[in-house]
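Dropping query_34.cif in here (mmCIF, C-alpha atoms):
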data_entry
#
loop_
_atom_site.label_atom_id
_atom_site.label_comp_id
_atom_site.auth_asym_id
_atom_site.auth_seq_id
_atom_site.Cartn_x
_atom_site.Cartn_y
_atom_site.Cartn_z
CA SER C 1017 8.45 12.45 -39.63
CA THR C 1018 11.83 10.68 -39.36
CA ALA C 1019 14.86 12.61 -40.59
CA GLY C 1020 18.09 11.28 -39.10
CA TRP C 1021 19.17 13.16 -36.00
CA PHE C 1022 16.65 16.04 -36.33
CA SER C 1023 12.91 15.63 -36.83
CA ILE C 1024 9.86 17.91 -36.65
CA GLY C 1025 6.25 16.72 -36.93
CA GLY C 1026 3.93 18.87 -38.99
CA ASP C 1027 1.25 21.03 -37.38
CA GLY C 1028 -2.42 20.11 -37.78
CA GLY C 1029 -4.81 22.21 -39.82
CA SER C 1030 -7.40 24.43 -38.15
CA GLY C 1031 -11.06 23.40 -38.07
CA GLY C 1032 -13.44 25.43 -40.19
CA ASN C 1033 -15.96 27.82 -38.68
CA ALA C 1034 -19.67 27.11 -38.98
CA ASP C 1035 -22.27 29.63 -40.15
CA ALA C 1036 -25.57 30.74 -38.63
CA VAL C 1037 -28.66 28.49 -38.55
CA THR C 1038 -32.23 29.81 -38.38
CA VAL C 1039 -35.38 27.65 -38.33
CA SER C 1040 -38.91 29.06 -38.38
CA ASN C 1041 -41.76 26.57 -38.16
CA SER C 1042 -45.52 26.93 -37.85
CA GLY C 1043 -46.64 23.47 -38.99
CA SER C 1044 -47.35 20.29 -37.07
CA LEU C 1045 -44.47 17.79 -36.83
CA VAL C 1046 -44.62 14.05 -35.97
CA THR C 1047 -41.66 11.59 -35.93
CA THR C 1048 -41.93 7.88 -35.13
CA GLU C 1049 -38.36 6.42 -35.19
CA ASN C 1050 -35.31 6.68 -32.89
CA ASP C 1051 -32.92 9.63 -33.16
CA ALA C 1052 -35.54 11.71 -34.92
CA SER C 1053 -36.26 15.05 -33.28
CA GLY C 1054 -39.11 17.24 -34.43
CA ILE C 1055 -36.75 20.16 -35.08
CA PHE C 1056 -32.97 19.57 -35.05
CA ALA C 1057 -30.89 22.73 -35.58
CA GLN C 1058 -27.10 22.77 -35.14
CA SER C 1059 -24.13 24.98 -35.97
CA VAL C 1060 -20.93 22.96 -35.44
CA GLY C 1061 -17.34 24.08 -35.85
CA GLY C 1062 -14.92 21.63 -37.41
CA GLY C 1063 -12.36 19.77 -35.32
CA GLY C 1064 -8.72 20.83 -35.43
CA GLY C 1065 -6.22 18.43 -36.95
CA ASN C 1066 -3.71 16.48 -34.87
CA GLY C 1067 -0.04 17.38 -34.92
CA GLY C 1068 2.35 14.98 -36.62
CA ASN C 1069 4.54 12.62 -34.63
CA SER C 1070 8.32 12.88 -34.66
CA VAL C 1071 11.12 10.30 -34.24
CA ALA C 1072 14.85 11.11 -34.38
CA VAL C 1073 17.86 8.80 -33.97
CA GLY C 1074 21.45 10.11 -34.03
CA ALA C 1075 24.99 8.87 -33.46
CA PHE C 1076 25.87 11.77 -31.13
CA VAL C 1077 22.90 14.18 -31.08
CA SER C 1078 19.19 13.74 -31.72
CA MET C 1079 16.27 16.13 -31.44
CA ALA C 1080 12.58 15.41 -32.04
CA ILE C 1081 9.74 17.94 -31.88
CA GLY C 1082 6.12 16.84 -32.15
CA GLY C 1083 3.77 18.93 -34.26
CA ASP C 1084 1.15 21.14 -32.61
CA GLY C 1085 -2.53 20.30 -32.76
CA ALA C 1086 -4.71 22.92 -34.41
CA ALA C 1087 -7.59 24.91 -32.94
CA GLY C 1088 -11.17 23.80 -33.44
CA GLY C 1089 -13.52 25.96 -35.48
CA THR C 1090 -16.24 28.08 -33.92
CA GLY C 1091 -19.95 27.37 -33.89
CA ASN C 1092 -22.30 30.16 -34.95
CA VAL C 1093 -25.66 31.56 -33.86
CA VAL C 1094 -28.66 29.19 -33.81
CA ASN C 1095 -32.22 30.57 -33.83
CA VAL C 1096 -35.36 28.43 -33.67
CA TRP C 1097 -38.85 29.87 -33.77
CA ASN C 1098 -41.73 27.39 -33.41
CA THR C 1099 -44.74 29.66 -33.35
CA ALA C 1100 -47.66 27.31 -34.09
CA GLY C 1101 -48.42 23.63 -34.60
CA ASP C 1102 -47.95 20.62 -32.34
CA ILE C 1103 -44.70 18.61 -32.18
CA GLU C 1104 -44.80 14.92 -31.22
CA THR C 1105 -42.00 12.31 -31.22
CA TYR C 1106 -42.18 8.58 -30.41
CA GLY C 1107 -38.61 7.29 -30.68
CA ASP C 1108 -35.71 7.28 -28.21
CA ARG C 1109 -33.27 10.22 -28.26
CA SER C 1110 -35.87 12.21 -30.15
CA CYS C 1111 -36.41 15.66 -28.70
CA GLY C 1112 -39.28 17.90 -29.65
CA ILE C 1113 -36.93 20.81 -30.40
CA PHE C 1114 -33.13 20.50 -30.28
CA ALA C 1115 -31.04 23.64 -30.92
CA GLU C 1116 -27.28 23.68 -30.41
CA SER C 1117 -24.18 25.72 -31.21
CA LEU C 1118 -21.05 23.61 -30.79
CA GLY C 1119 -17.38 24.56 -31.02
CA GLY C 1120 -15.00 22.10 -32.63
CA GLY C 1121 -12.52 20.13 -30.57
CA GLY C 1122 -8.84 21.02 -30.69
CA GLY C 1123 -6.38 18.58 -32.24
CA ASN C 1124 -3.92 16.57 -30.16
CA GLY C 1125 -0.23 17.39 -30.19
CA GLY C 1126 2.11 14.89 -31.82
CA PHE C 1127 4.50 12.79 -29.75
CA ALA C 1128 8.30 13.05 -29.93
CA VAL C 1129 10.88 10.27 -29.49
CA ALA C 1130 14.63 11.01 -29.57
CA ALA C 1131 17.53 8.59 -29.09
CA ALA C 1132 21.30 9.16 -29.32
CA ALA C 1133 24.40 7.06 -28.65
CA GLY C 1134 28.05 7.90 -29.22
CA PRO C 1135 31.61 6.89 -28.38
CA GLY C 1136 32.20 10.19 -26.52
CA GLY C 1137 29.17 12.22 -25.45
CA SER C 1138 25.54 12.04 -26.56
CA VAL C 1139 22.57 14.42 -26.36
CA ALA C 1140 18.88 13.57 -26.91
CA ILE C 1141 16.04 16.13 -26.78
CA GLY C 1142 12.34 15.31 -27.16
CA ILE C 1143 9.56 17.94 -27.10
CA GLY C 1144 5.91 16.91 -27.40
CA GLY C 1145 3.53 19.01 -29.46
CA THR C 1146 0.97 21.37 -27.91
CA GLY C 1147 -2.73 20.50 -28.07
CA GLY C 1148 -5.00 22.83 -30.01
CA GLY C 1149 -7.60 24.98 -28.28
CA GLY C 1150 -11.29 24.11 -28.49
CA GLY C 1151 -13.47 26.37 -30.59
CA ASP C 1152 -15.99 28.74 -29.01
CA SER C 1153 -19.70 28.26 -29.53
CA ASP C 1154 -22.18 31.08 -30.18
CA ALA C 1155 -25.58 32.26 -28.95
CA VAL C 1156 -28.64 30.00 -29.05
CA ASN C 1157 -32.13 31.51 -29.07
CA VAL C 1158 -35.28 29.38 -28.97
CA GLU C 1159 -38.93 30.40 -28.88
CA ALA C 1160 -41.30 27.45 -28.48
CA SER C 1161 -44.76 29.00 -28.42
CA GLY C 1162 -46.64 26.37 -30.43
CA ALA C 1163 -49.66 24.55 -29.05
CA SER C 1164 -47.84 21.54 -27.55
CA VAL C 1165 -44.61 19.50 -27.49
CA THR C 1166 -44.88 15.79 -26.57
CA THR C 1167 -42.09 13.16 -26.51
CA ARG C 1168 -42.53 9.47 -25.62
CA GLY C 1169 -39.06 7.92 -25.90
CA VAL C 1170 -36.07 7.61 -23.56
CA GLU C 1171 -33.66 10.58 -23.44
CA SER C 1172 -36.13 12.67 -25.39
CA HIS C 1173 -36.40 16.16 -23.93
CA GLY C 1174 -39.22 18.48 -24.83
CA VAL C 1175 -37.18 21.58 -25.73
CA VAL C 1176 -33.36 21.81 -25.69
CA ALA C 1177 -31.19 24.90 -26.18
CA GLN C 1178 -27.43 24.43 -25.75
CA SER C 1179 -24.25 26.35 -26.43
CA VAL C 1180 -21.18 24.15 -25.88
CA GLY C 1181 -17.52 25.05 -26.32
CA GLY C 1182 -15.17 22.50 -27.86
CA GLY C 1183 -12.72 20.50 -25.77
CA GLY C 1184 -9.01 21.26 -25.95
CA GLY C 1185 -6.63 18.72 -27.48
CA SER C 1186 -4.15 16.74 -25.38
CA GLY C 1187 -0.45 17.52 -25.48
CA GLY C 1188 1.91 15.02 -27.08
CA PHE C 1189 4.19 12.86 -24.96
CA SER C 1190 7.98 12.86 -25.20
CA ILE C 1191 10.68 10.19 -24.73
CA ALA C 1192 14.42 10.94 -24.82
CA LEU C 1193 17.27 8.42 -24.42
CA ALA C 1194 20.98 9.37 -24.47
CA ILE C 1195 23.82 6.86 -23.92
CA GLY C 1196 27.43 8.01 -24.27
CA HIS C 1197 30.68 6.21 -23.65
CA GLU C 1198 31.70 9.18 -21.49
CA THR C 1199 28.65 11.47 -20.96
CA GLY C 1200 24.96 11.46 -21.71
CA PHE C 1201 22.33 14.23 -21.55
CA ALA C 1202 18.59 13.65 -22.09
CA LEU C 1203 15.90 16.35 -22.04
CA GLY C 1204 12.19 15.67 -22.40
CA LEU C 1205 9.23 18.09 -22.32
CA GLY C 1206 5.64 16.89 -22.59
CA GLY C 1207 3.34 19.07 -24.67
CA SER C 1208 0.75 21.28 -22.98
CA GLY C 1209 -2.96 20.58 -23.40
CA GLY C 1210 -5.12 23.06 -25.28
CA GLY C 1211 -7.68 25.25 -23.53
CA GLY C 1212 -11.40 24.49 -23.81
CA GLY C 1213 -13.64 26.76 -25.84
CA SER C 1214 -16.25 29.00 -24.23
CA GLY C 1215 -20.01 28.51 -24.29
CA ALA C 1216 -22.17 31.48 -25.29
CA ALA C 1217 -25.47 32.98 -24.14
CA VAL C 1218 -28.62 30.82 -24.24
CA THR C 1219 -32.12 32.32 -24.28
CA LEU C 1220 -35.20 30.10 -24.22
CA THR C 1221 -38.87 31.12 -24.16
CA THR C 1222 -41.68 28.56 -23.93
CA ALA C 1223 -45.48 28.57 -24.02
CA GLY C 1224 -48.24 25.99 -24.63
CA ASP C 1225 -47.97 22.47 -23.14
CA ILE C 1226 -44.81 20.35 -22.81
CA GLU C 1227 -45.00 16.67 -21.80
CA THR C 1228 -42.38 13.90 -21.76
CA PHE C 1229 -42.93 10.20 -20.97
CA GLY C 1230 -39.50 8.56 -21.20
CA HIS C 1231 -36.73 8.30 -18.62
CA ARG C 1232 -34.05 11.03 -18.61
CA SER C 1233 -36.36 13.32 -20.54
CA HIS C 1234 -36.60 16.85 -19.19
CA GLY C 1235 -39.40 19.15 -20.18
CA VAL C 1236 -37.07 22.11 -20.82
CA LEU C 1237 -33.24 21.96 -20.92
CA ALA C 1238 -31.14 25.12 -21.37
CA GLN C 1239 -27.35 24.99 -20.99
CA SER C 1240 -24.21 26.98 -21.70
CA VAL C 1241 -21.16 24.77 -21.19
CA GLY C 1242 -17.45 25.49 -21.51
CA GLY C 1243 -15.25 22.84 -23.09
CA GLY C 1244 -12.83 20.80 -21.01
CA GLY C 1245 -9.12 21.52 -21.19
CA GLY C 1246 -6.82 18.95 -22.75
CA ASP C 1247 -4.43 16.84 -20.68
CA GLY C 1248 -0.70 17.56 -20.71
CA GLY C 1249 1.59 14.99 -22.29
CA PHE C 1250 3.89 12.83 -20.18
CA SER C 1251 7.69 12.83 -20.45
CA ILE C 1252 10.24 10.07 -19.84
CA THR C 1253 14.03 10.46 -20.11
CA ALA C 1254 17.07 8.26 -19.49
CA ALA C 1255 20.78 9.10 -19.72
CA GLY C 1256 23.99 7.17 -19.09
CA GLY C 1257 27.77 7.50 -19.38
CA SER C 1258 30.99 6.25 -17.81
CA VAL C 1259 31.89 9.74 -16.54
CA GLY C 1260 28.67 11.73 -16.12
CA ALA C 1261 24.99 11.79 -17.02
CA LEU C 1262 22.01 14.15 -16.63
CA ALA C 1263 18.35 13.35 -17.30
CA PHE C 1264 15.64 16.02 -17.12
CA ALA C 1265 11.93 15.40 -17.69
CA MET C 1266 8.93 17.74 -17.36
CA GLY C 1267 5.32 16.77 -17.94
CA GLY C 1268 3.12 19.11 -19.95
CA SER C 1269 0.58 21.42 -18.32
CA GLY C 1270 -3.13 20.70 -18.60
CA GLY C 1271 -5.25 23.16 -20.55
CA GLY C 1272 -7.71 25.48 -18.82
CA GLY C 1273 -11.43 24.75 -19.02
CA GLY C 1274 -13.62 27.10 -21.04
CA ALA C 1275 -16.21 29.36 -19.40
CA GLY C 1276 -19.97 28.92 -19.56
CA SER C 1277 -22.09 31.96 -20.40
CA THR C 1278 -25.47 33.35 -19.33
CA VAL C 1279 -28.63 31.24 -19.45
CA ALA C 1280 -32.10 32.82 -19.38
CA VAL C 1281 -35.34 30.81 -19.39
CA THR C 1282 -38.81 32.33 -19.46
CA ASN C 1283 -41.47 29.65 -19.20
CA SER C 1284 -45.18 30.14 -19.74
CA ALA C 1285 -45.89 26.49 -20.58
CA ASP C 1286 -47.58 23.83 -18.49
CA ILE C 1287 -44.96 21.08 -18.09
CA ALA C 1288 -45.36 17.40 -17.15
CA THR C 1289 -42.70 14.65 -17.05
CA HIS C 1290 -43.28 10.95 -16.30
CA GLY C 1291 -39.85 9.26 -16.39
CA THR C 1292 -37.04 9.03 -13.83
CA ASN C 1293 -34.36 11.75 -13.90
CA SER C 1294 -36.75 13.99 -15.79
CA HIS C 1295 -36.88 17.55 -14.47
CA GLY C 1296 -39.56 20.00 -15.47
CA ILE C 1297 -37.07 22.81 -16.18
CA MET C 1298 -33.27 22.42 -16.07
CA ALA C 1299 -31.14 25.54 -16.63
CA GLN C 1300 -27.36 25.45 -16.21
CA SER C 1301 -24.23 27.45 -16.89
CA VAL C 1302 -21.22 25.15 -16.45
CA GLY C 1303 -17.50 25.85 -16.75
CA GLY C 1304 -15.33 23.19 -18.32
CA GLY C 1305 -12.94 21.10 -16.22
CA GLY C 1306 -9.21 21.75 -16.42
CA GLY C 1307 -6.97 19.14 -18.00
CA SER C 1308 -4.61 17.02 -15.90
CA GLY C 1309 -0.87 17.68 -15.96
CA GLY C 1310 1.35 15.05 -17.54
CA PHE C 1311 3.51 12.80 -15.39
CA SER C 1312 7.31 12.67 -15.71
CA GLY C 1313 10.08 10.16 -15.15
CA ALA C 1314 13.85 10.77 -15.28
CA PHE C 1315 16.54 8.09 -14.83
CA SER C 1316 20.32 8.25 -15.04
CA PHE C 1317 23.39 6.08 -14.39
CA ALA C 1318 27.11 6.94 -14.53
CA GLY C 1319 30.52 5.93 -13.26
CA THR C 1320 31.60 9.25 -11.72
CA ALA C 1321 28.59 11.57 -11.16
CA ASN C 1322 25.03 11.84 -12.40
CA ALA C 1323 21.69 13.52 -11.68
CA SER C 1324 18.02 13.00 -12.54
CA VAL C 1325 15.45 15.79 -12.36
CA SER C 1326 11.73 15.09 -12.86
CA MET C 1327 8.84 17.60 -12.68
CA GLY C 1328 5.16 16.73 -13.06
CA GLY C 1329 2.99 19.03 -15.16
CA LYS C 1330 0.54 21.53 -13.67
CA GLY C 1331 -3.20 20.87 -13.83
CA GLY C 1332 -5.31 23.36 -15.77
CA GLY C 1333 -7.78 25.69 -14.05
CA GLY C 1334 -11.51 25.05 -14.28
CA GLY C 1335 -13.66 27.47 -16.25
CA GLY C 1336 -16.28 29.62 -14.53
CA GLY C 1337 -20.03 29.30 -14.76
CA ASP C 1338 -22.08 32.43 -15.47
CA ALA C 1339 -25.40 33.94 -14.36
CA VAL C 1340 -28.56 31.81 -14.66
CA SER C 1341 -32.08 33.24 -14.68
CA VAL C 1342 -35.34 31.25 -14.65
CA VAL C 1343 -38.78 32.86 -14.63
CA SER C 1344 -41.71 30.41 -14.64
CA LEU C 1345 -45.18 31.83 -15.32
CA GLY C 1346 -47.11 28.71 -16.41
CA ASP C 1347 -49.99 27.23 -14.45
CA THR C 1348 -48.41 23.90 -13.45
CA ILE C 1349 -45.17 21.90 -13.43
CA VAL C 1350 -45.64 18.21 -12.51
CA THR C 1351 -43.02 15.42 -12.30
CA SER C 1352 -44.14 11.87 -11.56
CA ASN C 1353 -41.00 9.80 -10.95
CA GLU C 1354 -37.75 9.63 -8.97
CA HIS C 1355 -34.93 12.19 -9.18
CA SER C 1356 -37.16 14.59 -11.07
CA TYR C 1357 -37.18 18.17 -9.81
CA GLY C 1358 -39.76 20.75 -10.72
CA ILE C 1359 -37.14 23.40 -11.50
CA LEU C 1360 -33.33 22.99 -11.36
CA ALA C 1361 -31.21 26.11 -11.85
CA GLN C 1362 -27.43 25.97 -11.43
CA SER C 1363 -24.25 27.94 -12.07
CA VAL C 1364 -21.30 25.57 -11.73
CA GLY C 1365 -17.57 26.21 -11.93
CA GLY C 1366 -15.43 23.52 -13.52
CA GLY C 1367 -13.04 21.44 -11.44
CA GLY C 1368 -9.31 22.06 -11.65
CA GLY C 1369 -7.12 19.41 -13.24
CA ASP C 1370 -4.82 17.18 -11.19
CA GLY C 1371 -1.09 17.80 -11.17
CA GLY C 1372 1.12 15.16 -12.73
CA PHE C 1373 3.25 12.87 -10.56
CA SER C 1374 7.03 12.59 -10.90
CA ILE C 1375 9.54 9.78 -10.50
CA SER C 1376 13.32 10.21 -10.56
CA GLY C 1377 16.14 7.74 -10.04
CA ALA C 1378 19.94 8.07 -10.13
CA ALA C 1379 22.54 5.31 -9.78
CA SER C 1380 26.28 6.00 -9.69
CA LEU C 1381 29.63 4.53 -8.78
CA GLY C 1382 30.54 8.02 -7.56
CA LEU C 1383 27.95 10.75 -6.77
CA GLY C 1384 24.26 10.30 -7.58
CA VAL C 1385 21.47 12.89 -7.19
CA GLY C 1386 17.74 12.36 -7.73
CA PHE C 1387 15.18 15.20 -7.52
CA GLY C 1388 11.43 14.99 -8.09
CA LEU C 1389 8.67 17.62 -7.94
CA GLY C 1390 4.97 16.80 -8.26
CA GLY C 1391 2.82 19.10 -10.37
CA LEU C 1392 0.45 21.69 -8.94
CA GLY C 1393 -3.29 21.06 -9.00
CA GLY C 1394 -5.40 23.52 -10.98
CA THR C 1395 -7.81 25.97 -9.37
CA GLY C 1396 -11.55 25.37 -9.50
CA GLY C 1397 -13.76 27.74 -11.50
CA VAL C 1398 -16.30 30.09 -9.91
CA GLY C 1399 -20.07 29.77 -9.81
CA ARG C 1400 -22.12 32.93 -10.47
CA THR C 1401 -25.51 34.38 -9.56
CA VAL C 1402 -28.65 32.25 -9.86
CA PHE C 1403 -32.00 34.07 -10.03
CA LEU C 1404 -35.27 32.13 -9.96
CA SER C 1405 -38.80 33.51 -9.89
CA ASN C 1406 -41.75 31.10 -9.92
CA VAL C 1407 -45.53 31.53 -9.85
CA SER C 1408 -46.36 28.06 -11.28
CA ASP C 1409 -47.92 25.39 -9.07
CA ILE C 1410 -45.28 22.64 -8.73
CA GLU C 1411 -45.98 19.00 -7.81
CA THR C 1412 -43.38 16.21 -7.57
CA TYR C 1413 -44.26 12.59 -6.74
CA GLY C 1414 -40.96 10.70 -6.82
CA ALA C 1415 -38.24 10.18 -4.22
CA GLU C 1416 -35.42 12.74 -4.17
CA SER C 1417 -37.46 15.12 -6.28
CA HIS C 1418 -37.29 18.70 -5.03
CA GLY C 1419 -39.84 21.28 -6.06
CA ILE C 1420 -37.15 23.92 -6.67
CA LEU C 1421 -33.37 23.51 -6.47
CA ALA C 1422 -31.24 26.61 -7.06
CA GLN C 1423 -27.46 26.37 -6.66
CA SER C 1424 -24.27 28.29 -7.27
CA LEU C 1425 -21.30 25.93 -6.99
CA GLY C 1426 -17.58 26.63 -7.19
CA GLY C 1427 -15.47 23.93 -8.79
CA GLY C 1428 -13.15 21.76 -6.73
CA GLY C 1429 -9.40 22.27 -6.93
CA GLY C 1430 -7.26 19.62 -8.56
CA ALA C 1431 -5.08 17.27 -6.53
CA GLY C 1432 -1.34 17.90 -6.42
CA GLY C 1433 0.92 15.27 -7.94
CA PHE C 1434 2.96 12.90 -5.77
CA SER C 1435 6.72 12.51 -6.12
CA ILE C 1436 9.14 9.60 -5.74
CA ALA C 1437 12.92 10.14 -5.80
CA GLY C 1438 15.72 7.63 -5.32
CA ALA C 1439 19.53 7.81 -5.51
CA PHE C 1440 22.14 5.05 -5.16
CA SER C 1441 25.91 5.26 -4.92
CA SER C 1442 28.77 2.90 -4.20
CA GLY C 1443 31.29 5.74 -3.91
CA ALA C 1444 31.10 9.45 -3.06
CA GLY C 1445 27.49 9.53 -1.90
CA ALA C 1446 23.86 9.90 -2.91
CA LEU C 1447 21.10 12.46 -2.38
CA ALA C 1448 17.39 12.07 -3.16
CA VAL C 1449 14.73 14.78 -2.71
CA GLY C 1450 11.03 14.36 -3.53
CA LEU C 1451 8.43 17.12 -3.11
CA GLY C 1452 4.68 16.53 -3.68
#

What would the structure in this file look like if it were written as structure tokens?
Amino acid sequence: STAGWFSIGGDGGSGGNADAVTVSNSGSLVTTENDASGIFAQSVGGGGGNGGNSVAVGAFVSMAIGGDGAAGGTGNVVNVWNTAGDIETYGDRSCGIFAESLGGGGGNGGFAVAAAAGPGGSVAIGIGGTGGGGGDSDAVNVEASGASVTTRGVESHGVVAQSVGGGGGSGGFSIALAIGHETGFALGLGGSGGGGGSGAAVTLTTAGDIETFGHRSHGVLAQSVGGGGGDGGFSITAAGGSVGALAFAMGGSGGGGGAGSTVAVTNSADIATHGTNSHGIMAQSVGGGGGSGGFSGAFSFAGTANASVSMGGKGGGGGGGDAVSVVSLGDTIVTSNEHSYGILAQSVGGGGGDGGFSISGAASLGLGVGFGLGGLGGTGGVGRTVFLSNVSDIETYGAESHGILAQSLGGGGGAGGFSIAGAFSSGAGALAVGLG
């Protein structure tokens, strides 16, 4: 929107929620083309709308506010029961059974641009819109007890059960410019990123035979994954005047990552994989990564005195993983190629987002002050308990292919933002302070 000296972007509309999905199959299924799973069951929340952008231009004062992004809709429960009949697929990206609950992504915040100039003093304020939060997913329950599941294409897992939270939207950036004959003041705030949605509980039970032939094709894949947080918007300001000027800029904070939930796999199937990067069983609960903080830049110039203050946005915290349980009761698990574990069970915390950097500069004929502060890095998410009980005979034939790998991993913390500050004066003096 553009409305003279004052402007507000409209907020985005929320994504719609999905409903429950239940599939019960007892017949044989065969697909021959790419992207053609035997059973494909999804409940997907709608994405949130983006916030509107805002531009304001005034003779003395201007203010622009970006619209907020809307939240993504939630996914719902997905149940799949395959109780009899063989499933066979031949194409790439064609799983035997694919079941997923997926939260919608949050909308991005709108940007804001404000500019003002006047014969006396001028003021410009720009505020970026906030990103919308990602929608939560819901529980996924799969029972694959039919006679056999066979896939032959690349990236074609035997049985997949996933619950994935939606990613948060990014915050809108802001730019503010104020030039006055005597004084100028510019304020800019980047919008914060939206938080990621949470994954929900995943329960998967298998029996019969499962065999995959393509690369990157696991026998069984069960995951609960939190959505990543959105990045904070950057902010840039500039102010000038013959007497005094002040420029302040702050980058938006990154959104927090969503949490993963519990994952439970009970396997009574005989499993064989033949491609590279094709584990027999892969079970994971993974927290989403935090969004990065927005950078900031503030610049001012004046005849008598001026100051520039710039602060980088804080990185969002990583979401936590949750408990993972794998019980394997089948006779055999065999993998034949490289990077293909028999059983991989992990609980993984998401990494924290990086803090935004800051740059400030002040130039004056009198007194000039420049101050910069880098944003804080976000904390890493926690890993939780991993329980694994196996009575199956496991054989692996490729390099870097463990029989069993069980891990609980905390997420890494985000890096702090750097800071650069400069001040120049031909008169009273100058001071510059930069803190990472």

Expansion of the PyMOL selection byres ((chain C and resi 1036) around 6) into residues, as a list in words: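 Evaluating the PyMOL selection byres ((chain C and resi 1036) around 6) on these coordinates yields Asp1035, Val1037, Asn1092, Val1093 and Val1094 of chain C.
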
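Straight-line separation from CA of Asp1247 (chain C) to CA of Ile1024 (chain C): 21.5 Å.
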
task: Measuring atom to atom with all atoms listed in the file, identify which of C:Ser1117, C:Ser1110, C:Asn1050, C:Ser1344 is nearest to Ala1034 (chain C).
output: C:Ser1117

Evaluated on this file, the PyMOL selection byres ((chain C and resi 1139) around 12) picks out some residues - which ones are they, written as a PDB file with C-alpha atoms, in the frame of the given file?
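Below you can see selection35.pdb, which holds the result:
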ATOM      1  CA  TRP C1021      19.170  13.160 -36.000  1.00  0.00           C
ATOM      2  CA  PHE C1022      16.650  16.040 -36.330  1.00  0.00           C
ATOM      3  CA  ALA C1072      14.850  11.110 -34.380  1.00  0.00           C
ATOM      4  CA  VAL C1073      17.860   8.800 -33.970  1.00  0.00           C
ATOM      5  CA  GLY C1074      21.450  10.110 -34.030  1.00  0.00           C
ATOM      6  CA  ALA C1075      24.990   8.870 -33.460  1.00  0.00           C
ATOM      7  CA  PHE C1076      25.870  11.770 -31.130  1.00  0.00           C
ATOM      8  CA  VAL C1077      22.900  14.180 -31.080  1.00  0.00           C
ATOM      9  CA  SER C1078      19.190  13.740 -31.720  1.00  0.00           C
ATOM     10  CA  MET C1079      16.270  16.130 -31.440  1.00  0.00           C
ATOM     11  CA  ALA C1080      12.580  15.410 -32.040  1.00  0.00           C
ATOM     12  CA  ALA C1130      14.630  11.010 -29.570  1.00  0.00           C
ATOM     13  CA  ALA C1131      17.530   8.590 -29.090  1.00  0.00           C
ATOM     14  CA  ALA C1132      21.300   9.160 -29.320  1.00  0.00           C
ATOM     15  CA  ALA C1133      24.400   7.060 -28.650  1.00  0.00           C
ATOM     16  CA  GLY C1134      28.050   7.900 -29.220  1.00  0.00           C
ATOM     17  CA  PRO C1135      31.610   6.890 -28.380  1.00  0.00           C
ATOM     18  CA  GLY C1136      32.200  10.190 -26.520  1.00  0.00           C
ATOM     19  CA  GLY C1137      29.170  12.220 -25.450  1.00  0.00           C
ATOM     20  CA  SER C1138      25.540  12.040 -26.560  1.00  0.00           C
ATOM     21  CA  ALA C1140      18.880  13.570 -26.910  1.00  0.00           C
ATOM     22  CA  ILE C1141      16.040  16.130 -26.780  1.00  0.00           C
ATOM     23  CA  GLY C1142      12.340  15.310 -27.160  1.00  0.00           C
ATOM     24  CA  ALA C1192      14.420  10.940 -24.820  1.00  0.00           C
ATOM     25  CA  LEU C1193      17.270   8.420 -24.420  1.00  0.00           C
ATOM     26  CA  ALA C1194      20.980   9.370 -24.470  1.00  0.00           C
ATOM     27  CA  ILE C1195      23.820   6.860 -23.920  1.00  0.00           C
ATOM     28  CA  GLY C1196      27.430   8.010 -24.270  1.00  0.00           C
ATOM     29  CA  HIS C1197      30.680   6.210 -23.650  1.00  0.00           C
ATOM     30  CA  GLU C1198      31.700   9.180 -21.490  1.00  0.00           C
ATOM     31  CA  THR C1199      28.650  11.470 -20.960  1.00  0.00           C
ATOM     32  CA  GLY C1200      24.960  11.460 -21.710  1.00  0.00           C
ATOM     33  CA  PHE C1201      22.330  14.230 -21.550  1.00  0.00           C
ATOM     34  CA  ALA C1202      18.590  13.650 -22.090  1.00  0.00           C
ATOM     35  CA  LEU C1203      15.900  16.350 -22.040  1.00  0.00           C
ATOM     36  CA  GLY C1204      12.190  15.670 -22.400  1.00  0.00           C
ATOM     37  CA  THR C1253      14.030  10.460 -20.110  1.00  0.00           C
ATOM     38  CA  ALA C1254      17.070   8.260 -19.490  1.00  0.00           C
ATOM     39  CA  ALA C1255      20.780   9.100 -19.720  1.00  0.00           C
ATOM     40  CA  GLY C1256      23.990   7.170 -19.090  1.00  0.00           C
ATOM     41  CA  GLY C1257      27.770   7.500 -19.380  1.00  0.00           C
ATOM     42  CA  ALA C1261      24.990  11.790 -17.020  1.00  0.00           C
ATOM     43  CA  LEU C1262      22.010  14.150 -16.630  1.00  0.00           C
ATOM     44  CA  ALA C1263      18.350  13.350 -17.300  1.00  0.00           C
ATOM     45  CA  PHE C1264      15.640  16.020 -17.120  1.00  0.00           C
TER      46      PHE C1264
END

message: I need the output of the PyMOL selection byres ((chain C and resi 1386-1397) around 6) for this file as an MDAnalysis selection string; which residues are they?
response: chainID C and resid 1323:1336 1365:1374 1376:1378 1385 1398 1426:1435 1437:1439 1448:1452

field: Two-atom distance - CA of Val1046 (chain C), CA of Ile1103 (chain C) (Å)
entry: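 Here the two named atoms are 5.9 Å from each other.
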
query: What does the distance from CA of Asp1286 (chain C) to CA of Gly1235 (chain C) come to in Å, to one decimal?
result: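 So the two atoms, CA of Asp1286 (chain C) and CA of Gly1235 (chain C), lie 9.6 Å apart.
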
- request: Write out as JSON, numbers by chain the residues lying within 6 Å of region 1349-1357 of chain C, counting only C-alpha atoms and excluding same-chain residues fewer than 4 positions away.
  value: {"C": [1286, 1287, 1288, 1289, 1290, 1291, 1292, 1293, 1294, 1295, 1410, 1411, 1412, 1413, 1414, 1415, 1416, 1417, 1418, 1419]}
